[in-house]
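Raw start.txt, compact mmCIF, C-alpha atoms:
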# COMPACT_ATOMS: atom_id res chain seq x y z
CA MET A 93 -13.79 3.59 -23.80
CA GLU A 94 -11.79 3.30 -20.63
CA ILE A 95 -14.59 1.31 -19.00
CA LYS A 96 -14.86 -0.98 -21.99
CA LEU A 97 -11.16 -1.80 -21.87
CA ASN A 98 -11.30 -2.43 -18.12
CA THR A 99 -14.21 -4.79 -18.75
CA ASP A 100 -12.17 -6.62 -21.38
CA VAL A 101 -9.15 -6.82 -19.09
CA LEU A 102 -11.29 -8.21 -16.28
CA SER A 103 -13.08 -10.66 -18.52
CA ASP A 104 -9.72 -11.93 -19.87
CA ASN A 105 -8.57 -12.21 -16.28
CA ASN A 106 -11.67 -14.10 -15.25
CA ALA A 107 -11.20 -16.62 -18.07
CA ALA A 108 -7.60 -17.23 -16.98
CA ALA A 109 -8.70 -17.45 -13.33
CA MET A 110 -11.31 -20.07 -14.21
CA HIS A 111 -8.61 -22.07 -16.00
CA ASN A 112 -6.31 -21.86 -12.97
CA ARG A 113 -9.18 -22.86 -10.66
CA LYS A 114 -9.86 -25.94 -12.75
CA GLN A 115 -6.23 -27.00 -12.50
CA PHE A 116 -6.19 -26.47 -8.72
CA SER A 117 -9.38 -28.51 -8.43
CA ASN A 118 -7.97 -31.35 -10.56
CA THR A 119 -4.87 -31.57 -8.40
CA LYS A 120 -6.75 -30.98 -5.10
CA THR A 121 -4.55 -28.01 -4.25
CA LEU A 122 -5.80 -25.48 -1.68
CA VAL A 123 -4.81 -22.01 -2.91
CA ILE A 124 -4.75 -18.95 -0.64
CA ASN A 125 -4.28 -15.44 -2.09
CA VAL A 126 -2.70 -13.24 0.60
CA MET A 127 -3.04 -9.46 0.21
CA SER A 128 -2.03 -6.43 2.29
CA SER A 129 -0.31 -3.05 2.38
CA PRO A 130 3.45 -3.08 1.84
CA GLY A 131 5.16 -4.09 5.07
CA ALA A 132 2.16 -5.62 6.87
CA GLY A 133 4.18 -8.81 7.30
CA LYS A 134 2.89 -11.19 4.62
CA THR A 135 6.27 -12.81 4.01
CA THR A 136 7.04 -13.32 7.71
CA LEU A 137 3.55 -14.78 8.15
CA LEU A 138 4.18 -17.18 5.26
CA GLU A 139 7.65 -18.15 6.55
CA LYS A 140 6.14 -19.10 9.92
CA THR A 141 3.11 -20.75 8.29
CA VAL A 142 5.26 -22.91 6.03
CA LYS A 143 7.34 -24.00 9.03
CA ALA A 144 4.18 -24.92 10.99
CA LEU A 145 2.66 -26.94 8.13
CA GLN A 146 5.82 -28.57 6.78
CA GLY A 147 6.03 -32.33 7.12
CA LYS A 148 2.24 -32.66 7.19
CA TYR A 149 1.53 -30.84 3.91
CA ARG A 150 3.45 -30.21 0.70
CA ILE A 151 3.65 -26.44 0.31
CA GLY A 152 4.31 -24.11 -2.62
CA VAL A 153 4.51 -20.31 -2.65
CA ILE A 154 4.18 -17.77 -5.46
CA GLU A 155 5.63 -14.37 -4.57
CA GLY A 156 4.53 -11.16 -6.29
CA ASP A 157 6.62 -7.99 -6.24
CA LEU A 158 7.43 -5.10 -8.55
CA ALA A 159 11.13 -5.98 -8.30
CA THR A 160 13.69 -8.22 -6.55
CA GLN A 161 13.74 -11.92 -5.58
CA LYS A 162 13.92 -11.08 -1.86
CA ASP A 163 10.64 -12.68 -0.79
CA ALA A 164 11.09 -15.90 -2.79
CA ASP A 165 14.60 -16.21 -1.31
CA ARG A 166 13.14 -15.92 2.20
CA ILE A 167 10.56 -18.64 1.51
CA ARG A 168 13.13 -20.93 -0.16
CA ALA A 169 15.19 -20.71 3.02
CA THR A 170 12.34 -22.57 4.79
CA GLY A 171 12.73 -25.43 2.32
CA ALA A 172 9.46 -24.78 0.46
CA LYS A 173 9.35 -24.35 -3.31
CA ALA A 174 8.90 -20.66 -4.18
CA VAL A 175 8.59 -18.84 -7.48
CA GLN A 176 8.97 -15.07 -7.76
CA ILE A 177 6.88 -13.02 -10.17
CA ASN A 178 8.17 -9.48 -10.84
CA THR A 179 5.46 -7.17 -12.17
CA HIS A 180 7.97 -4.45 -13.23
CA GLY A 181 5.79 -1.62 -11.97
CA GLY A 182 2.45 -3.45 -12.07
CA CYS A 183 0.38 -2.92 -8.93
CA HIS A 184 -1.15 -6.41 -8.58
CA LEU A 185 -0.90 -10.01 -9.74
CA ASP A 186 -3.35 -11.24 -12.36
CA ALA A 187 -4.54 -14.71 -13.30
CA ARG A 188 -2.37 -14.92 -16.42
CA MET A 189 0.79 -14.21 -14.44
CA ILE A 190 -0.19 -17.10 -12.16
CA ALA A 191 -0.96 -19.37 -15.15
CA LYS A 192 2.47 -18.58 -16.56
CA VAL A 193 4.35 -19.78 -13.47
CA LEU A 194 2.16 -22.80 -12.63
CA PRO A 195 4.24 -25.16 -14.82
CA SER A 196 7.15 -24.46 -12.41
CA PHE A 197 5.22 -26.51 -9.83
CA ASP A 198 4.10 -30.11 -10.06
CA LEU A 199 0.65 -29.32 -8.67
CA ASN A 200 -0.04 -33.01 -8.06
CA GLN A 201 2.73 -32.77 -5.47
CA ILE A 202 1.42 -29.56 -3.83
CA ASP A 203 -1.30 -29.67 -1.14
CA ILE A 204 -1.35 -25.99 -0.29
CA LEU A 205 -0.23 -23.12 -2.53
CA PHE A 206 0.10 -19.64 -1.07
CA ILE A 207 0.12 -16.64 -3.38
CA GLU A 208 1.63 -13.53 -1.84
CA ASN A 209 0.25 -10.64 -3.85
CA VAL A 210 2.00 -7.29 -4.51
CA GLY A 211 1.91 -5.11 -1.38
CA ASN A 212 -1.06 -2.88 -2.15
CA LEU A 213 -4.33 -2.47 -0.27
CA VAL A 214 -6.25 -1.35 -3.37
CA CYS A 215 -5.60 -3.03 -6.73
CA PRO A 216 -5.03 -6.74 -5.93
CA SER A 217 -8.55 -7.23 -4.52
CA GLY A 218 -10.12 -6.68 -7.96
CA TYR A 219 -8.33 -9.60 -9.65
CA ASP A 220 -9.47 -13.19 -9.26
CA LEU A 221 -6.42 -15.48 -9.50
CA GLY A 222 -8.42 -18.72 -9.32
CA GLN A 223 -7.64 -19.09 -5.60
CA SER A 224 -9.77 -21.03 -3.10
CA HIS A 225 -9.62 -18.20 -0.52
CA LYS A 226 -8.73 -14.50 -0.46
CA ILE A 227 -7.42 -13.10 2.81
CA ALA A 228 -6.15 -9.69 3.90
CA VAL A 229 -3.33 -9.03 6.33
CA LEU A 230 -3.55 -5.79 8.34
CA SER A 231 -0.81 -4.78 10.76
CA VAL A 232 -1.32 -2.95 14.02
CA PRO A 233 1.00 0.01 13.22
CA GLU A 234 -1.14 0.83 10.15
CA GLY A 235 -3.89 2.11 12.43
CA ASN A 236 -7.60 1.53 12.98
CA ASP A 237 -8.85 3.57 10.05
CA LYS A 238 -7.75 1.12 7.34
CA ILE A 239 -10.84 -1.12 7.31
CA PRO A 240 -13.30 1.76 6.61
CA LYS A 241 -10.84 3.56 4.32
CA TYR A 242 -10.10 0.55 2.06
CA PRO A 243 -13.54 -1.06 1.71
CA THR A 244 -12.86 -2.79 -1.62
CA MET A 245 -10.16 -4.93 0.05
CA PHE A 246 -12.02 -5.78 3.24
CA ASN A 247 -15.32 -6.39 1.40
CA ARG A 248 -13.79 -8.92 -0.98
CA THR A 249 -11.83 -11.02 1.52
CA GLU A 250 -13.13 -13.62 3.94
CA MET A 251 -10.56 -13.14 6.66
CA VAL A 252 -8.36 -10.45 8.15
CA ILE A 253 -5.13 -11.54 9.78
CA LEU A 254 -4.37 -8.73 12.23
CA ASN A 255 -0.58 -9.00 12.44
CA LYS A 256 2.11 -7.47 14.68
CA ILE A 257 0.02 -7.60 17.87
CA ASP A 258 3.36 -7.58 19.74
CA LEU A 259 3.38 -3.84 18.93
CA LEU A 260 -0.07 -3.20 20.52
CA PRO A 261 1.43 -1.68 23.72
CA MET A 262 3.45 0.79 21.62
CA VAL A 263 0.82 2.08 19.19
CA ASP A 264 -2.72 3.39 19.23
CA PHE A 265 -4.81 0.47 17.98
CA SER A 266 -8.02 -1.07 19.27
CA VAL A 267 -8.61 -4.71 18.27
CA GLU A 268 -12.26 -4.36 19.38
CA GLU A 269 -12.79 -1.41 17.06
CA ALA A 270 -11.24 -3.36 14.16
CA VAL A 271 -13.61 -6.28 14.80
CA GLU A 272 -16.60 -3.91 14.95
CA ASP A 273 -15.57 -2.13 11.74
CA LEU A 274 -15.10 -5.44 9.96
CA ASN A 275 -18.47 -6.77 11.19
CA GLY A 276 -20.14 -3.58 9.96
CA LEU A 277 -18.48 -3.65 6.54
CA ASN A 278 -18.40 -7.37 5.83
CA PRO A 279 -20.19 -9.68 8.29
CA ASN A 280 -18.95 -12.69 6.28
CA SER A 281 -15.35 -11.92 7.16
CA ARG A 282 -13.60 -12.76 10.43
CA LEU A 283 -10.49 -11.50 12.18
CA ILE A 284 -7.64 -13.47 13.68
CA SER A 285 -5.11 -11.53 15.80
CA LEU A 286 -1.53 -12.77 15.84
CA SER A 287 2.11 -11.86 15.74
CA ALA A 288 3.99 -13.74 13.04
CA LYS A 289 7.19 -12.52 14.70
CA THR A 290 6.52 -13.89 18.21
CA GLU A 291 4.13 -16.60 16.89
CA GLU A 292 1.47 -15.59 19.46
CA GLY A 293 -1.97 -16.48 18.01
CA MET A 294 -0.53 -18.46 15.07
CA SER A 295 -2.37 -21.67 16.06
CA GLU A 296 -5.83 -20.26 15.18
CA TRP A 297 -4.61 -19.37 11.68
CA ILE A 298 -2.93 -22.76 11.21
CA GLN A 299 -6.14 -24.48 12.35
CA TRP A 300 -8.17 -22.41 9.87
CA ILE A 301 -5.85 -23.51 7.02
CA GLU A 302 -6.06 -27.16 8.03
CA GLU A 303 -9.87 -26.98 8.15
CA ALA A 304 -9.95 -25.22 4.79
CA TYR A 305 -7.74 -27.98 3.38
CA GLN A 306 -10.06 -30.67 4.77
CA LYS A 307 -13.19 -28.99 3.33
CA CYS A 308 -11.45 -28.56 0.02
CA ALA A 309 -10.46 -32.23 -0.10
CA VAL A 310 -14.01 -33.39 0.79
CA GLN A 311 -15.55 -31.19 -1.91
CA ARG A 312 -13.24 -32.78 -4.43
CA LEU A 313 -13.97 -36.42 -3.53
CA MET B 785 -4.20 -1.30 -27.37
CA GLU B 786 -3.78 -1.27 -23.64
CA ILE B 787 -0.54 0.70 -23.98
CA LYS B 788 -2.17 3.23 -26.26
CA LEU B 789 -4.98 3.86 -23.81
CA ASN B 790 -2.51 4.22 -20.95
CA THR B 791 -0.63 6.74 -23.06
CA ASP B 792 -3.85 8.66 -23.66
CA VAL B 793 -4.77 8.60 -19.98
CA LEU B 794 -1.31 9.83 -19.02
CA SER B 795 -1.27 12.50 -21.70
CA ASP B 796 -4.71 13.77 -20.51
CA ASN B 797 -3.34 13.72 -16.98
CA ASN B 798 -0.22 15.62 -17.99
CA ALA B 799 -2.29 18.34 -19.66
CA ALA B 800 -4.38 18.76 -16.50
CA ALA B 801 -1.21 18.72 -14.35
CA MET B 802 0.32 21.46 -16.47
CA HIS B 803 -2.82 23.53 -16.00
CA ASN B 804 -2.70 23.00 -12.21
CA ARG B 805 1.00 23.90 -12.15
CA LYS B 806 0.31 27.15 -13.96
CA GLN B 807 -2.31 28.10 -11.37
CA PHE B 808 0.04 27.25 -8.49
CA SER B 809 2.74 29.35 -10.13
CA ASN B 810 0.39 32.32 -10.64
CA THR B 811 -0.64 32.28 -7.00
CA LYS B 812 2.88 31.48 -5.69
CA THR B 813 1.64 28.37 -3.90
CA LEU B 814 4.16 25.68 -2.91
CA VAL B 815 2.51 22.29 -3.51
CA ILE B 816 3.81 19.06 -1.97
CA ASN B 817 2.43 15.67 -3.07
CA VAL B 818 2.85 13.22 -0.18
CA MET B 819 2.74 9.49 -1.00
CA SER B 820 3.18 6.28 1.00
CA SER B 821 1.83 2.85 1.90
CA PRO B 822 -1.43 2.82 3.87
CA GLY B 823 -0.69 3.52 7.51
CA ALA B 824 2.81 4.98 7.11
CA GLY B 825 1.63 8.06 8.99
CA LYS B 826 1.00 10.69 6.30
CA THR B 827 -1.96 12.27 8.10
CA THR B 828 -0.19 12.45 11.48
CA LEU B 829 2.84 13.97 9.72
CA LEU B 830 0.58 16.58 8.10
CA GLU B 831 -1.25 17.35 11.36
CA LYS B 832 2.07 18.06 13.07
CA THR B 833 3.44 19.91 10.02
CA VAL B 834 0.41 22.19 9.83
CA LYS B 835 0.74 22.98 13.55
CA ALA B 836 4.45 23.81 13.12
CA LEU B 837 3.88 26.11 10.13
CA GLN B 838 0.62 27.76 11.22
CA GLY B 839 0.79 31.48 11.93
CA LYS B 840 3.77 31.91 9.60
CA TYR B 841 2.18 30.37 6.48
CA ARG B 842 -1.36 29.94 5.18
CA ILE B 843 -1.87 26.21 4.68
CA GLY B 844 -4.31 24.11 2.66
CA VAL B 845 -4.59 20.32 2.46
CA ILE B 846 -6.18 18.03 -0.13
CA GLU B 847 -6.85 14.54 1.21
CA GLY B 848 -7.17 11.50 -1.08
CA ASP B 849 -8.86 8.27 0.04
CA LEU B 850 -11.03 5.56 -1.46
CA ALA B 851 -13.70 6.30 1.14
CA THR B 852 -14.52 8.33 4.30
CA GLN B 853 -13.83 11.93 5.36
CA LYS B 854 -11.64 10.80 8.27
CA ASP B 855 -8.38 12.39 7.16
CA ALA B 856 -9.91 15.75 6.17
CA ASP B 857 -11.66 15.85 9.56
CA ARG B 858 -8.32 15.30 11.32
CA ILE B 859 -6.69 18.14 9.36
CA ARG B 860 -9.65 20.49 9.89
CA ALA B 861 -9.24 19.96 13.63
CA THR B 862 -5.86 21.76 13.33
CA GLY B 863 -7.64 24.80 11.89
CA ALA B 864 -6.32 24.39 8.33
CA LYS B 865 -8.62 24.26 5.33
CA ALA B 866 -8.94 20.67 4.09
CA VAL B 867 -10.85 19.13 1.20
CA GLN B 868 -11.43 15.38 0.93
CA ILE B 869 -11.40 13.59 -2.43
CA ASN B 870 -12.92 10.09 -2.40
CA THR B 871 -11.75 7.97 -5.32
CA HIS B 872 -14.43 5.27 -4.77
CA GLY B 873 -12.02 2.40 -5.42
CA GLY B 874 -9.46 4.35 -7.46
CA CYS B 875 -5.88 3.61 -6.40
CA HIS B 876 -4.37 7.10 -6.82
CA LEU B 877 -5.19 10.78 -7.27
CA ASP B 878 -4.93 12.28 -10.74
CA ALA B 879 -4.49 15.86 -11.93
CA ARG B 880 -8.14 16.25 -12.95
CA MET B 881 -9.35 15.29 -9.47
CA ILE B 882 -7.07 18.02 -8.10
CA ALA B 883 -8.31 20.53 -10.70
CA LYS B 884 -11.88 19.79 -9.70
CA VAL B 885 -11.34 20.68 -6.02
CA LEU B 886 -9.01 23.67 -6.51
CA PRO B 887 -11.94 26.13 -6.70
CA SER B 888 -12.69 25.18 -3.05
CA PHE B 889 -9.50 27.05 -2.12
CA ASP B 890 -8.67 30.69 -2.72
CA LEU B 891 -5.14 29.89 -3.89
CA ASN B 892 -4.12 33.54 -3.56
CA GLN B 893 -4.63 33.00 0.16
CA ILE B 894 -2.68 29.71 0.33
CA ASP B 895 1.13 29.70 0.69
CA ILE B 896 1.60 25.95 1.03
CA LEU B 897 -0.77 23.24 -0.23
CA PHE B 898 -0.20 19.64 0.83
CA ILE B 899 -1.76 16.85 -1.19
CA GLU B 900 -2.04 13.58 0.71
CA ASN B 901 -2.35 10.90 -1.95
CA VAL B 902 -4.21 7.59 -1.61
CA GLY B 903 -2.21 5.15 0.58
CA ASN B 904 -0.48 3.08 -2.08
CA LEU B 905 3.23 2.61 -2.74
CA VAL B 906 2.72 1.80 -6.43
CA CYS B 907 0.14 3.71 -8.48
CA PRO B 908 0.31 7.34 -7.20
CA SER B 909 3.93 7.81 -8.29
CA GLY B 910 2.97 7.60 -11.98
CA TYR B 911 0.60 10.58 -11.92
CA ASP B 912 1.84 14.16 -12.06
CA LEU B 913 -0.60 16.37 -10.13
CA GLY B 914 1.14 19.64 -11.00
CA GLN B 915 2.91 19.68 -7.60
CA SER B 916 6.19 21.47 -6.87
CA HIS B 917 7.63 18.45 -5.00
CA LYS B 918 6.88 14.75 -4.70
CA ILE B 919 7.89 13.04 -1.47
CA ALA B 920 7.49 9.52 -0.10
CA VAL B 921 6.84 8.57 3.50
CA LEU B 922 8.18 5.20 4.64
CA SER B 923 7.57 3.92 8.16
CA VAL B 924 9.98 1.85 10.21
CA PRO B 925 7.58 -1.10 10.80
CA GLU B 926 7.27 -1.62 7.03
CA GLY B 927 10.81 -2.98 6.94
CA ASN B 928 14.04 -2.35 5.08
CA ASP B 929 13.09 -4.11 1.85
CA LYS B 930 10.60 -1.49 0.66
CA ILE B 931 13.04 0.84 -1.14
CA PRO B 932 14.42 -1.91 -3.46
CA LYS B 933 10.99 -3.57 -3.81
CA TYR B 934 9.08 -0.43 -4.87
CA PRO B 935 11.57 1.31 -7.17
CA THR B 936 8.98 3.29 -9.15
CA MET B 937 8.01 5.20 -5.99
CA PHE B 938 11.51 5.85 -4.64
CA ASN B 939 12.90 6.69 -8.10
CA ARG B 940 10.29 9.36 -8.75
CA THR B 941 10.43 11.19 -5.43
CA GLU B 942 13.05 13.63 -4.17
CA MET B 943 12.76 12.85 -0.49
CA VAL B 944 11.92 9.99 1.83
CA ILE B 945 10.49 10.85 5.22
CA LEU B 946 11.37 7.83 7.36
CA ASN B 947 8.58 7.97 9.94
CA LYS B 948 7.86 6.20 13.26
CA ILE B 949 11.51 6.14 14.39
CA ASP B 950 10.11 5.87 17.94
CA LEU B 951 9.48 2.19 17.03
CA LEU B 952 13.14 1.54 16.02
CA PRO B 953 13.95 -0.27 19.30
CA MET B 954 10.99 -2.63 18.77
CA VAL B 955 11.45 -3.64 15.13
CA ASP B 956 14.17 -4.85 12.82
CA PHE B 957 15.08 -1.77 10.75
CA SER B 958 18.43 -0.25 9.83
CA VAL B 959 18.36 3.46 8.98
CA GLU B 960 21.87 3.15 7.52
CA GLU B 961 20.71 0.39 5.14
CA ALA B 962 17.74 2.52 4.05
CA VAL B 963 20.06 5.46 3.28
CA GLU B 964 22.40 3.16 1.33
CA ASP B 965 19.52 1.62 -0.64
CA LEU B 966 18.14 5.05 -1.46
CA ASN B 967 21.56 6.37 -2.53
CA GLY B 968 21.97 3.34 -4.78
CA LEU B 969 18.53 3.63 -6.37
CA ASN B 970 18.12 7.40 -6.56
CA PRO B 971 21.13 9.55 -5.61
CA ASN B 972 18.99 12.67 -6.14
CA SER B 973 16.75 11.74 -3.24
CA ARG B 974 17.48 12.26 0.45
CA LEU B 975 16.16 10.76 3.67
CA ILE B 976 14.95 12.53 6.79
CA SER B 977 14.28 10.36 9.86
CA LEU B 978 11.58 11.49 12.26
CA SER B 979 8.66 10.47 14.41
CA ALA B 980 5.56 12.51 13.67
CA LYS B 981 4.10 11.09 16.88
CA THR B 982 6.88 12.17 19.28
CA GLU B 983 7.98 15.05 16.97
CA GLU B 984 11.64 13.92 17.17
CA GLY B 985 13.38 15.03 13.96
CA MET B 986 10.47 17.19 12.75
CA SER B 987 12.63 20.36 12.62
CA GLU B 988 14.70 19.13 9.64
CA TRP B 989 11.52 18.48 7.65
CA ILE B 990 10.02 21.86 8.61
CA GLN B 991 13.27 23.57 7.60
CA TRP B 992 13.21 21.76 4.24
CA ILE B 993 9.65 23.02 3.62
CA GLU B 994 10.55 26.59 4.54
CA GLU B 995 13.58 26.52 2.21
CA ALA B 996 11.45 25.04 -0.57
CA TYR B 997 8.93 27.82 -0.03
CA GLN B 998 11.66 30.47 -0.21
CA LYS B 999 13.15 29.00 -3.44
CA CYS B 1000 9.69 28.79 -4.93
CA ALA B 1001 8.94 32.44 -4.08
CA VAL B 1002 12.29 33.62 -5.54
CA GLN B 1003 11.69 31.71 -8.77
CA ARG B 1004 8.35 33.42 -9.10
CA LEU B 1005 9.59 37.03 -8.56

Spit out the file's structure as structure tokens when you get a sec.
Amino acid sequence: MEIKLNTDVLSDNNAAAMHNRKQFSNTKTLVINVMSSPGAGKTTLLEKTVKALQGKYRIGVIEGDLATQKDADRIRATGAKAVQINTHGGCHLDARMIAKVLPSFDLNQIDILFIENVGNLVCPSGYDLGQSHKIAVLSVPEGNDKIPKYPTMFNRTEMVILNKIDLLPMVDFSVEEAVEDLNGLNPNSRLISLSAKTEEGMSEWIQWIEEAYQKCAVQRL
Amino acid sequence: MEIKLNTDVLSDNNAAAMHNRKQFSNTKTLVINVMSSPGAGKTTLLEKTVKALQGKYRIGVIEGDLATQKDADRIRATGAKAVQINTHGGCHLDARMIAKVLPSFDLNQIDILFIENVGNLVCPSGYDLGQSHKIAVLSVPEGNDKIPKYPTMFNRTEMVILNKIDLLPMVDFSVEEAVEDLNGLNPNSRLISLSAKTEEGMSEWIQWIEEAYQKCAVQRL
């Protein structure tokens, strides 16, 4: 019974995700679903990313949180359009929540749409939102054991942004071990180390986005 | 339909939690359910807590994770009995999972049982495990916005352990703001600042546990 309902929920979600994906494809919008633990630095990463891409690309951001408008306010301060979804206790975004806020954007005027999921290293990975790419942010103070301990997240994402590397001298974390663990669990994923705060390493991430945007545009020609 | 099923799941959980609570009461075992984001430092806190209480109290630990035995191994290295539950993708512990592993302990020989929940600041707070106390661990690098952004966790717990205060000089975090936010959201909760790593501030937490154990024992006379 429980399994049946979950199947129904996921199949409803997949139908909505397919609908979102079709819209994104029609408007040639690159959509990146960003997931992590609470406090891994998703919003700071997006603030800095928007600033780096602004001028060259038209950016939109959807923010997911249980409560408050805090993250959308931070993104709006960069000048980008941001819409906040509050899940009121829900532990992840789903494709219907995204569908509901899409009319707030003119997708024809958006090149790249970032979706910042609810801070949660478990539930969000199971829900397709119709995005082009799913990435995970992991922060150095969380420790080396997170990749093996949260396999459903790191198995279902194609990139790990290892954030807060400015704290490496202060905490016990081995970047090499994280790369090895990721290679063992999901050889199709890759890891980029950076500090959104100091902006060290940001260029590799920005380059990845620009390449993803180019590929996306070519596929749609 | 979905709501009905959730109600059923929660009512099944509550029945199992009540059964667990009765056992804990019969054996005079203080049970503390410890919840947090991934990487907030629950396991390090429990390692240091077990070491501080050992000799005076008989300690048991239940560890919850999606995968691996890593946390139970760390606790066993302190000499305490530890049992690992793997949820295989599940985002929280529930009362039936706890009931299933309780026979691994001789509860008559356990004064204090810690349950380390799955690292997740959303889902675990909704599930009564039959514990005496529910506490949340928040770590300084996660940032000040977590208390307002995750109200279901901080509303349903009676204490916040603010961990990793050794990183305060390196990150943007105001302890005063966290105390204010917590007072505003849940005046019945309190905040203890500490660093499980350096052990600064641990004595207040240990004292709280010892007082909770005394109250618990008196109630059961």

- Distance filter 8 Å, all atoms listed in the file, chain B against chain A, as a VMD selection string: chain B and resid 786 789 821 to 825 849 to 852 854 873 to 875 903 to 907 925 to 927 929 to 930 932 to 936 951 954

Can you tell me, as an mmCIF file with C-alpha atoms, in the coordinates of the input, what residues are no more than 7 Å from stretch 115-126 of chain A when counting all atoms listed in the file, ignoring any on the same chain fewer than 6 positions away?
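As a result, around-v3.cif now contains:
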data_model
loop_
_atom_site.group_PDB
_atom_site.id
_atom_site.type_symbol
_atom_site.label_atom_id
_atom_site.label_comp_id
_atom_site.auth_asym_id
_atom_site.auth_seq_id
_atom_site.Cartn_x
_atom_site.Cartn_y
_atom_site.Cartn_z
ATOM 1 C CA LEU A 199 0.650 -29.320 -8.670
ATOM 2 C CA ASN A 200 -0.040 -33.010 -8.060
ATOM 3 C CA ILE A 202 1.420 -29.560 -3.830
ATOM 4 C CA ASP A 203 -1.300 -29.670 -1.140
ATOM 5 C CA ILE A 204 -1.350 -25.990 -0.290
ATOM 6 C CA LEU A 205 -0.230 -23.120 -2.530
ATOM 7 C CA PHE A 206 0.100 -19.640 -1.070
ATOM 8 C CA ILE A 207 0.120 -16.640 -3.380
ATOM 9 C CA GLU A 208 1.630 -13.530 -1.840
ATOM 10 C CA ASN A 209 0.250 -10.640 -3.850
ATOM 11 C CA GLN A 223 -7.640 -19.090 -5.600
ATOM 12 C CA SER A 224 -9.770 -21.030 -3.100
ATOM 13 C CA HIS A 225 -9.620 -18.200 -0.520
ATOM 14 C CA LYS A 226 -8.730 -14.500 -0.460
ATOM 15 C CA ILE A 227 -7.420 -13.100 2.810
ATOM 16 C CA ALA A 228 -6.150 -9.690 3.900
ATOM 17 C CA TYR A 305 -7.740 -27.980 3.380
ATOM 18 C CA CYS A 308 -11.450 -28.560 0.020
ATOM 19 C CA ALA A 309 -10.460 -32.230 -0.100
ATOM 20 C CA ARG A 312 -13.240 -32.780 -4.430
#

- Do you know which residues are at most 8 Å from A:Asn106 counting all atoms listed in the file, after dropping those on the same chain fewer than 3 positions away, and could you put them as a VMD selection string? chain A and resid 102 to 103 109 to 110 187 219 to 221

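Distance annotation: of B:Ala864, B:Ser979, B:Asp890, B:Lys884, the residue with the minimal separation from B:Gly839 is B:Ala864; atom set is only C-alpha atoms.
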
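Separating atom CA of A:Leu137 from atom CA of A:Ala169 is a distance of 14.0 Å.
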
- Could you work out how far atom CA of B:Pro971 lies from atom CA of B:Asn797, giving the answer in Å with one decimal? 27.3 Å

- Compare B:Ala980, B:Met881, B:Leu969, B:Met986 by their minimum atom-to-atom distance to B:Asn804, counting all atoms listed in the file, and give me the closest one.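 Closest residue, counting all atoms listed in the file: B:Met881.
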
- For A:Leu286, list every protein, DNA or RNA residue within 8 Å, evaluated using all atoms listed in the file, and leave out those in the same chain fewer than 4 positions away; present the list as number ranges by chain. A: 253-257, 291-294

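The gap separating atom CA of A:Ile177 from atom CA of A:Ser196 is 11.7 Å, in Å to one decimal.
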
- Message: Counting only C-alpha atoms, find residues at most 10 Å from (17.9, 7.0, -10.5) (file frame) and give them as number ranges by chain.
- Response: B: 935-936, 938-941, 966-973
